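**Q** Starting off with a structure, shown below.
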Amino acid sequence: MVAADGSTLLPRYGNCRYNKAAAATEAQCDFPGPLPAGTAYETDHPIIAVSGQDTRSGSLHYSVWPTADIDGPSQLPGRAVRGTGEVLRLRPVNGGAFTGSESYRSGGAAGALDFETTRVDDVEAVGFTIRGRVGEEVRTEVPYPRGYRGDTMWVTLPDGVSLVTRPPQDLQSEDSYCREGPAKDGPVACGPGAEPYAVVLLVRIDKRVEGARGSVTVPPGPAADPDQDNNTAPVAVEYIP
């Protein structure tokens, strides 16, 4: 049994069943037995997992069981998609490096492989939309970027929208709020914040400006940022009648 998180499995082996025809995340491969106790094996071909363009990290979980001992809900049904390629086989190997538990012996075994991709340090801004009526003060949230490192986010407000500031005693103490930046009429400073997912932005929609659009920008992380083009995302305005 193989389960993939953050990647998908290629349905390539004829003696394996997969939970989906494309982008499978689970596979069950059946091998004929019996397999002599005390013998170590490896597959004669790799089980390949493919990560997506935006994958930052993931894991592969695998377990080996006598077929009769697999719980019903854990088994893939007989009608599940089968691979269309060659048969995956087992071949004996030197098991001297095996480091299994000495205190627990069973008919099964399991393990996991965690991985990170080159995008693990990629900071990616998340855009958002300000919704409200003209002349209205609006509370919205600036979402933390993906890969957030606790840095200040910089929001350029769309035309026709202005920042609202209030004394600290008039704000909810458990929230973090955006504030004026160092430059007059420049970007608004948001964060770092205490909330687990966003910083509160208070604005006033002063007038309707068709096509008005701002942006949110986050600085790259301390490590090499593999894609700085996604450090800026759009901020839109939706006018409610």
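Here's how to read the names in the structure tokens: chain A, B, ... by the order shown, residue numbers from 1 in each chain, ligand numbers from 1 in the order shown.
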I'd like the neighbourhood of Leu10 (chain A) as a PyMOL selection string, where a residue qualifies if any of its atoms comes within 8 Å (using only C-alpha atoms), though same-chain residues fewer than 4 positions away should be ignored.
**A** chain A and resi 22-24+47-50
**Q** What lies within 9 Å of Ala189 (chain A) using only C-alpha atoms, ignoring chain neighbours under 2 positions off, as a tab-separated table (two decimals) with all heavy atoms, in the first residue's frame?
**A**
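Output file selection_1.tsv follows:
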```tsv
chain	number	residue	atom	x	y	z
A	152	THR	N	6.54	42.24	7.04
A	152	THR	CA	5.48	43.20	6.74
A	152	THR	C	5.03	43.06	5.29
A	152	THR	O	5.84	42.93	4.38
A	152	THR	CB	5.98	44.63	6.99
A	152	THR	OG1	6.34	44.77	8.36
A	152	THR	CG2	4.91	45.66	6.64
A	153	MET	N	3.71	43.07	5.10
A	153	MET	CA	3.14	43.09	3.76
A	153	MET	C	2.81	44.53	3.40
A	153	MET	O	2.40	45.32	4.26
A	153	MET	CB	1.87	42.23	3.72
A	153	MET	CG	2.12	40.76	4.05
A	153	MET	SD	0.58	39.80	4.17
A	153	MET	CE	-0.04	40.35	5.78
A	154	TRP	N	2.96	44.88	2.14
A	154	TRP	CA	2.74	46.25	1.68
A	154	TRP	C	1.58	46.26	0.70
A	154	TRP	O	1.61	45.60	-0.33
A	154	TRP	CB	4.00	46.81	1.04
A	154	TRP	CG	5.15	46.85	2.01
A	154	TRP	CD1	6.14	45.93	2.18
A	154	TRP	CD2	5.38	47.86	3.00
A	154	TRP	NE1	6.97	46.29	3.20
A	154	TRP	CE2	6.55	47.48	3.72
A	154	TRP	CE3	4.74	49.05	3.34
A	154	TRP	CZ2	7.06	48.24	4.76
A	154	TRP	CZ3	5.25	49.82	4.37
A	154	TRP	CH2	6.40	49.41	5.07
A	155	VAL	N	0.53	47.04	1.06
A	155	VAL	CA	-0.68	47.08	0.26
A	155	VAL	C	-0.81	48.45	-0.40
A	155	VAL	O	-0.87	49.48	0.29
A	155	VAL	CB	-1.93	46.80	1.12
A	155	VAL	CG1	-3.20	46.94	0.28
A	155	VAL	CG2	-1.84	45.39	1.71
A	177	TYR	N	-3.74	45.08	12.86
A	177	TYR	CA	-4.31	45.99	11.89
A	177	TYR	C	-3.23	46.59	10.99
A	177	TYR	O	-2.09	46.79	11.41
A	177	TYR	CB	-5.06	47.13	12.59
A	177	TYR	CG	-6.33	46.68	13.28
A	177	TYR	CD1	-6.29	46.09	14.54
A	177	TYR	CD2	-7.57	46.83	12.67
A	177	TYR	CE1	-7.45	45.67	15.17
A	177	TYR	CE2	-8.73	46.41	13.29
A	177	TYR	CZ	-8.66	45.83	14.54
A	177	TYR	OH	-9.82	45.41	15.16
A	178	CYS	N	-3.64	46.88	9.74
A	178	CYS	CA	-2.75	47.61	8.84
A	178	CYS	C	-2.63	49.05	9.31
A	178	CYS	O	-3.53	49.59	9.96
A	178	CYS	CB	-3.30	47.56	7.42
A	178	CYS	SG	-3.39	45.90	6.71
A	179	ARG	N	-1.53	49.70	8.97
A	179	ARG	CA	-1.24	51.05	9.43
A	179	ARG	C	-0.61	51.85	8.30
A	179	ARG	O	-0.23	51.29	7.27
A	179	ARG	CB	-0.27	51.00	10.63
A	179	ARG	CG	1.04	50.32	10.29
A	179	ARG	CD	1.83	49.91	11.52
A	179	ARG	NE	3.12	49.30	11.15
A	179	ARG	CZ	3.28	48.05	10.78
A	179	ARG	NH1	2.24	47.26	10.73
A	179	ARG	NH2	4.49	47.59	10.47
A	180	GLU	N	-0.50	53.14	8.49
A	180	GLU	CA	0.12	53.98	7.48
A	180	GLU	C	1.57	53.59	7.29
A	180	GLU	O	2.29	53.30	8.25
A	180	GLU	CB	0.03	55.45	7.89
A	180	GLU	CG	-1.38	56.02	7.86
A	180	GLU	CD	-1.39	57.49	8.25
A	180	GLU	OE1	-0.37	57.95	8.81
A	180	GLU	OE2	-2.40	58.16	7.97
A	181	GLY	N	2.01	53.60	6.06
A	181	GLY	CA	3.40	53.32	5.75
A	181	GLY	C	4.25	54.58	5.91
A	181	GLY	O	3.73	55.66	6.18
A	182	PRO	N	5.55	54.45	5.74
A	182	PRO	CA	6.44	55.60	5.93
A	182	PRO	C	6.29	56.68	4.87
A	182	PRO	O	6.61	57.85	5.12
A	182	PRO	CB	7.84	54.98	5.88
A	182	PRO	CG	7.67	53.70	5.12
A	182	PRO	CD	6.30	53.22	5.43
A	187	PRO	N	2.34	52.85	-0.04
A	187	PRO	CA	1.71	51.60	0.38
A	187	PRO	C	1.42	51.57	1.89
A	187	PRO	O	2.15	52.15	2.69
A	187	PRO	CB	2.75	50.54	-0.01
A	187	PRO	CG	3.59	51.18	-1.05
A	187	PRO	CD	3.64	52.64	-0.69
A	191	GLY	N	0.97	43.90	9.07
A	191	GLY	CA	1.72	42.83	9.72
A	191	GLY	C	3.06	43.32	10.22
A	191	GLY	O	3.42	44.49	10.03
```
**Q** Can you tell me, as a tab-separated table (two decimals) with N, CA and C atoms, in the first residue's frame, what residues are no more than 7 Å from Ala109 (chain A) when counting only C-alpha atoms, ignoring any on the same chain fewer than 2 positions away?
**A**
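Result went into result31.tsv, see below:
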```tsv
chain	number	residue	atom	x	y	z
A	63	SER	N	3.19	0.74	3.30
A	63	SER	CA	3.04	-0.36	4.25
A	63	SER	C	2.97	-1.67	3.48
A	64	VAL	N	3.40	-2.72	4.13
A	64	VAL	CA	3.42	-4.06	3.53
A	64	VAL	C	2.68	-5.01	4.46
A	65	TRP	N	1.73	-5.77	3.91
A	65	TRP	CA	0.92	-6.67	4.72
A	65	TRP	C	0.64	-7.95	3.95
```
**Q** Pick out the residues sitting within 6 Å of region 199-210 of chain A, and hand them over as a PyMOL selection string; count only C-alpha atoms, and ignore anything fewer than 2 positions along from it in its own chain.
**A** chain A and resi 134-142+160-164+176-178+193+212
**Q** Taking only region 11-216 of chain A into account, list the residues labelled strand (DSSP E or B) by DSSP (computed from the backbone), as a tab-separated table (two decimals) with C-alpha atoms, in the first residue's frame.
**A**
```tsv
chain	number	residue	atom	x	y	z
A	16	CYS	CA	-1.24	-2.48	-8.95
A	17	ARG	CA	-4.64	-0.86	-8.37
A	18	TYR	CA	-4.98	2.91	-8.08
A	24	ALA	CA	-3.82	8.90	-8.14
A	26	GLU	CA	-3.21	5.67	-3.37
A	27	ALA	CA	-1.95	2.40	-4.81
A	28	GLN	CA	-2.19	-1.25	-3.81
A	29	CYS	CA	0.25	-3.64	-5.46
A	40	ALA	CA	14.56	-8.66	2.56
A	41	TYR	CA	13.09	-7.47	-0.73
A	42	GLU	CA	12.94	-4.40	-2.90
A	43	THR	CA	10.80	-3.64	-5.95
A	49	ALA	CA	5.48	10.05	-7.46
A	50	VAL	CA	5.25	13.37	-9.30
A	57	SER	CA	6.52	19.64	0.50
A	58	GLY	CA	4.86	16.28	0.86
A	59	SER	CA	5.28	12.69	1.96
A	60	LEU	CA	4.99	9.11	0.78
A	61	HIS	CA	3.61	6.52	3.18
A	62	TYR	CA	4.00	2.83	2.47
A	63	SER	CA	3.04	-0.36	4.25
A	64	VAL	CA	3.42	-4.06	3.53
A	81	VAL	CA	-8.18	1.30	-11.92
A	82	ARG	CA	-5.31	-1.01	-12.80
A	90	LEU	CA	10.03	-8.13	-5.82
A	91	ARG	CA	13.67	-9.15	-5.78
A	92	PRO	CA	15.67	-10.27	-2.72
A	93	VAL	CA	18.35	-7.95	-1.38
A	109	ALA	CA	5.72	-3.13	8.26
A	110	ALA	CA	5.38	0.54	7.38
A	111	GLY	CA	7.44	3.63	6.75
A	112	ALA	CA	7.32	7.14	5.34
A	113	LEU	CA	9.45	9.45	3.25
A	114	ASP	CA	9.06	13.22	3.68
A	115	PHE	CA	10.32	15.59	1.01
A	116	GLU	CA	10.66	19.29	0.25
A	124	GLU	CA	3.78	33.89	-2.65
A	128	PHE	CA	-7.95	39.76	-2.05
A	129	THR	CA	-11.05	41.87	-2.81
A	130	ILE	CA	-12.41	44.88	-0.94
A	131	ARG	CA	-16.23	44.72	-0.99
A	132	GLY	CA	-18.58	47.52	0.07
A	137	GLU	CA	-16.09	52.06	5.88
A	138	VAL	CA	-15.14	48.46	5.18
A	139	ARG	CA	-13.32	45.89	7.27
A	140	THR	CA	-11.47	43.34	5.19
A	141	GLU	CA	-8.51	41.05	5.72
A	142	VAL	CA	-5.10	40.84	4.10
A	143	PRO	CA	-4.33	37.11	3.93
A	146	ARG	CA	2.05	31.28	1.26
A	153	MET	CA	3.14	43.09	3.76
A	154	TRP	CA	2.74	46.25	1.68
A	155	VAL	CA	-0.68	47.08	0.26
A	156	THR	CA	-1.18	49.69	-2.47
A	161	VAL	CA	-10.09	53.73	-1.54
A	162	SER	CA	-8.38	55.23	1.53
A	163	LEU	CA	-7.02	53.82	4.79
A	177	TYR	CA	-4.31	45.99	11.89
A	179	ARG	CA	-1.24	51.05	9.43
A	188	VAL	CA	-0.02	50.63	3.63
A	189	ALA	CA	1.97	48.47	6.06
A	190	CYS	CA	0.26	45.25	7.19
A	198	ALA	CA	-4.63	37.45	8.13
A	199	VAL	CA	-4.18	41.11	9.13
A	200	VAL	CA	-7.24	43.40	9.39
A	201	LEU	CA	-7.47	46.28	6.91
A	202	LEU	CA	-9.89	49.16	7.58
A	203	VAL	CA	-10.66	51.33	4.56
A	204	ARG	CA	-13.21	53.77	3.23
A	205	ILE	CA	-14.56	53.50	-0.30
A	213	ARG	CA	-6.95	47.83	-8.79
A	214	GLY	CA	-4.22	47.82	-6.17
A	215	SER	CA	-1.68	45.25	-5.07
A	216	VAL	CA	-0.20	43.43	-2.09
```
**Q** Pick from A:Asn19, A:Tyr13, A:Val235, A:Gly95: nearest to Gly78 (chain A), with only C-alpha atoms counted?
**A** A:Asn19
**Q** Just the residues within 7 Å of Thr25 (chain A), please, counting only C-alpha atoms, with nothing from its chain fewer than 5 positions along; format it as a ChimeraX atom specification.
**A** /A:3-4,8-9,19
**Q** Pull N, CA, C and O atoms from the residues just selected and write them as a compact mmCIF listing (two decimals), in the first residue's frame.
**A**
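The resulting selection-v7.txt:
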```
# COMPACT_ATOMS: atom_id res chain seq x y z
N ALA A 3 0.60 5.60 -0.18
CA ALA A 3 -0.24 6.79 -0.16
C ALA A 3 0.65 8.01 -0.33
O ALA A 3 1.68 8.13 0.35
N ALA A 4 0.26 8.89 -1.23
CA ALA A 4 1.05 10.08 -1.54
C ALA A 4 0.34 11.33 -1.07
O ALA A 4 -0.86 11.49 -1.27
N THR A 8 1.44 12.90 -6.83
CA THR A 8 0.54 11.90 -7.38
C THR A 8 1.35 10.73 -7.93
O THR A 8 2.53 10.87 -8.26
N LEU A 9 0.70 9.58 -8.03
CA LEU A 9 1.36 8.34 -8.45
C LEU A 9 1.05 8.05 -9.91
O LEU A 9 -0.09 8.24 -10.36
N ASN A 19 -6.39 4.48 -6.88
CA ASN A 19 -7.69 5.04 -6.50
C ASN A 19 -8.27 5.96 -7.57
O ASN A 19 -9.46 6.25 -7.57
```
**Q** Calculated over only C-alpha atoms, which of the candidates A:Thr84, A:Pro226, A:Pro145, A:Gly150 has the smallest distance to Ala21 (chain A)?
**A** A:Thr84
**Q** I need the helix (DSSP H, G or I) residues of region 54-139 of chain A per DSSP on the backbone, written as a PyMOL selection string.
**A** chain A and resi 67-69+72-74
**Q** Go ahead and write the selection's residues with C-alpha atoms as a PDB file, in the first residue's frame.
**A**
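Result file follows (selection-v4.pdb):
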```
ATOM      1  CA  THR A  67      -3.126  -9.603   1.690  1.00  0.00           C
ATOM      2  CA  ALA A  68      -5.539 -11.444   3.978  1.00  0.00           C
ATOM      3  CA  ASP A  69      -4.632  -9.149   6.895  1.00  0.00           C
ATOM      4  CA  GLY A  72     -11.462  -4.033   4.326  1.00  0.00           C
ATOM      5  CA  PRO A  73     -11.676  -0.206   4.303  1.00  0.00           C
ATOM      6  CA  SER A  74      -7.934  -0.028   3.618  1.00  0.00           C
TER       7      SER A  74
END
```
**Q** How many Å separate CA of Met1 (chain A) from CA of Thr55 (chain A)?
**A** 22.6 Å
**Q** What is the CA of Ile70 (chain A) to CA of Asn94 (chain A) distance in Å?
**A**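 For CA of Ile70 (chain A) relative to CA of Asn94 (chain A), the distance reads 26.6 Å.
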**Q** So which one's closest to Asp54 (chain A), A:Val237, A:Val120, A:Leu35, A:Ala125? Using only C-alpha atoms, please.
**A**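 The shortest atom-to-atom distance to Asp54 (chain A) comes from A:Val120.
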